[in-house]
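Take a look at the structure set out below.
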Amino acid sequence: MVDNVTDAPRLRSIRRMTLLFVLPGLIGLLISAGMSTWYLEELPRVPVPAEMRMTPRSVEGFVVYETPEEHRTFTAIEHASTAFFVVGIGLGLVYLRRWGVAYALSAKDDEYAQDAP
């Protein structure tokens with residue numbers, strides 16, 4: 001049995017994978033929020049066919065019009081970062097569960113356990 005429960009190789013790899021998914025997902029969500037703020041400030045609120053800005057997007061209750069390429073880019077960033085973040089949170093929950101089980105198994109007998117009702 002490992003003396004330091006948090007140093008078990010399997011737990012370290014799960015913790016590392018959690019960080020590898022959560023951090024890029026969080027950064028992607030922040031980039032997505034910045035892009036939507038920029039879209040709200042800079043993009044037109046009416047379609048502009050000359051610039052191919054015909055694709056509507058609702059940003060905080062306002063409709064702005066973007067090009068199909070901008071739409072694909074923003075949607076890809078938004079969906080990928082959300083997926084990374086959710087997978088990272090799931091791995092984090094698995095890590096916490098395994099760490100709790102490993103910690104409980106490595107615990108010494110409680111000297112006050114026999115006095116409990």
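The chains in the structure tokens are called A, B, ... from first to last as shown; in each chain the residues are counted from 1, and the ligands are counted from 1 in the order shown.
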Run DSSP on the backbone and give me the residues of chain A it puts in strand (DSSP E or B), as an NGL selection string. :A and (48 or 53 or 55-59 or 62-66)
Write a file of the selected residues as a JSON list (two decimals), in the first residue's frame, keeping C-alpha atoms.
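And here is the file that came out, part_38.json:
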```json
[["chain", "number", "residue", "atom", "x", "y", "z"],
["A", 48, "VAL", "CA", -25.07, 43.19, -44.89],
["A", 53, "ARG", "CA", -23.00, 38.95, -43.14],
["A", 55, "THR", "CA", -26.01, 34.53, -40.58],
["A", 56, "PRO", "CA", -27.84, 35.71, -37.44],
["A", 57, "ARG", "CA", -26.47, 35.10, -33.95],
["A", 58, "SER", "CA", -28.16, 36.08, -30.72],
["A", 59, "VAL", "CA", -25.68, 37.62, -28.28],
["A", 62, "PHE", "CA", -29.29, 41.22, -29.44],
["A", 63, "VAL", "CA", -29.16, 39.78, -32.94],
["A", 64, "VAL", "CA", -25.93, 40.41, -34.84],
["A", 65, "TYR", "CA", -25.07, 39.17, -38.31],
["A", 66, "GLU", "CA", -21.87, 37.30, -39.10]]
```
Please identify which residues in stretch 4-53 of chain A DSSP calls alpha helix (DSSP H) from the backbone, and express them as a CSV table (one decimal) with C-alpha atoms, in the first residue's frame.
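In the end it all went to out_14.csv:
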```csv
chain,number,residue,atom,x,y,z
A,9,PRO,CA,0.4,6.5,-9.9
A,10,ARG,CA,-3.2,6.0,-11.1
A,11,LEU,CA,-4.5,8.9,-9.1
A,12,ARG,CA,-1.7,11.2,-10.4
A,13,SER,CA,-2.5,10.3,-14.0
A,14,ILE,CA,-6.2,11.0,-13.4
A,15,ARG,CA,-5.4,14.3,-11.8
A,16,ARG,CA,-3.1,15.2,-14.7
A,17,MET,CA,-5.8,14.3,-17.2
A,18,THR,CA,-8.3,16.4,-15.3
A,19,LEU,CA,-6.1,19.5,-15.5
A,20,LEU,CA,-5.3,18.8,-19.2
A,21,PHE,CA,-9.0,18.9,-20.0
A,22,VAL,CA,-10.3,21.5,-17.5
A,23,LEU,CA,-7.7,24.2,-18.2
A,24,PRO,CA,-8.0,24.3,-22.0
A,25,GLY,CA,-11.8,24.1,-21.7
A,26,LEU,CA,-11.9,27.0,-19.3
A,27,ILE,CA,-9.5,29.1,-21.5
A,28,GLY,CA,-11.7,28.3,-24.5
A,29,LEU,CA,-14.8,29.4,-22.7
A,30,LEU,CA,-13.1,32.6,-21.7
A,31,ILE,CA,-12.1,33.2,-25.4
A,32,SER,CA,-15.6,32.4,-26.4
A,33,ALA,CA,-17.0,35.0,-24.0
A,34,GLY,CA,-14.5,37.5,-25.3
A,35,MET,CA,-15.5,36.8,-28.9
A,36,SER,CA,-19.2,37.2,-28.1
A,37,THR,CA,-18.5,40.5,-26.5
A,38,TRP,CA,-16.5,41.6,-29.5
A,39,TYR,CA,-19.3,40.4,-31.8
A,40,LEU,CA,-21.8,42.4,-29.8
A,41,GLU,CA,-19.7,45.6,-30.1
A,42,GLU,CA,-18.4,45.3,-33.7
```
One decimal place gives the atom CA of A:His71-atom CA of A:Pro49 separation as 15.3 Å
The distance between atom CA of A:Ala50 and atom CA of A:Pro68 is 13.4 Å
Which value, in Å to one decimal, gives the distance between atom CA of A:Glu78 and atom CA of A:Met52?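 Separating atom CA of A:Glu78 from atom CA of A:Met52 is a distance of 22.0 Å.
Closest approach to A:Thr67 among A:Leu43, A:Val86, A:Leu96, A:Leu91: A:Leu43, based on only C-alpha atoms.
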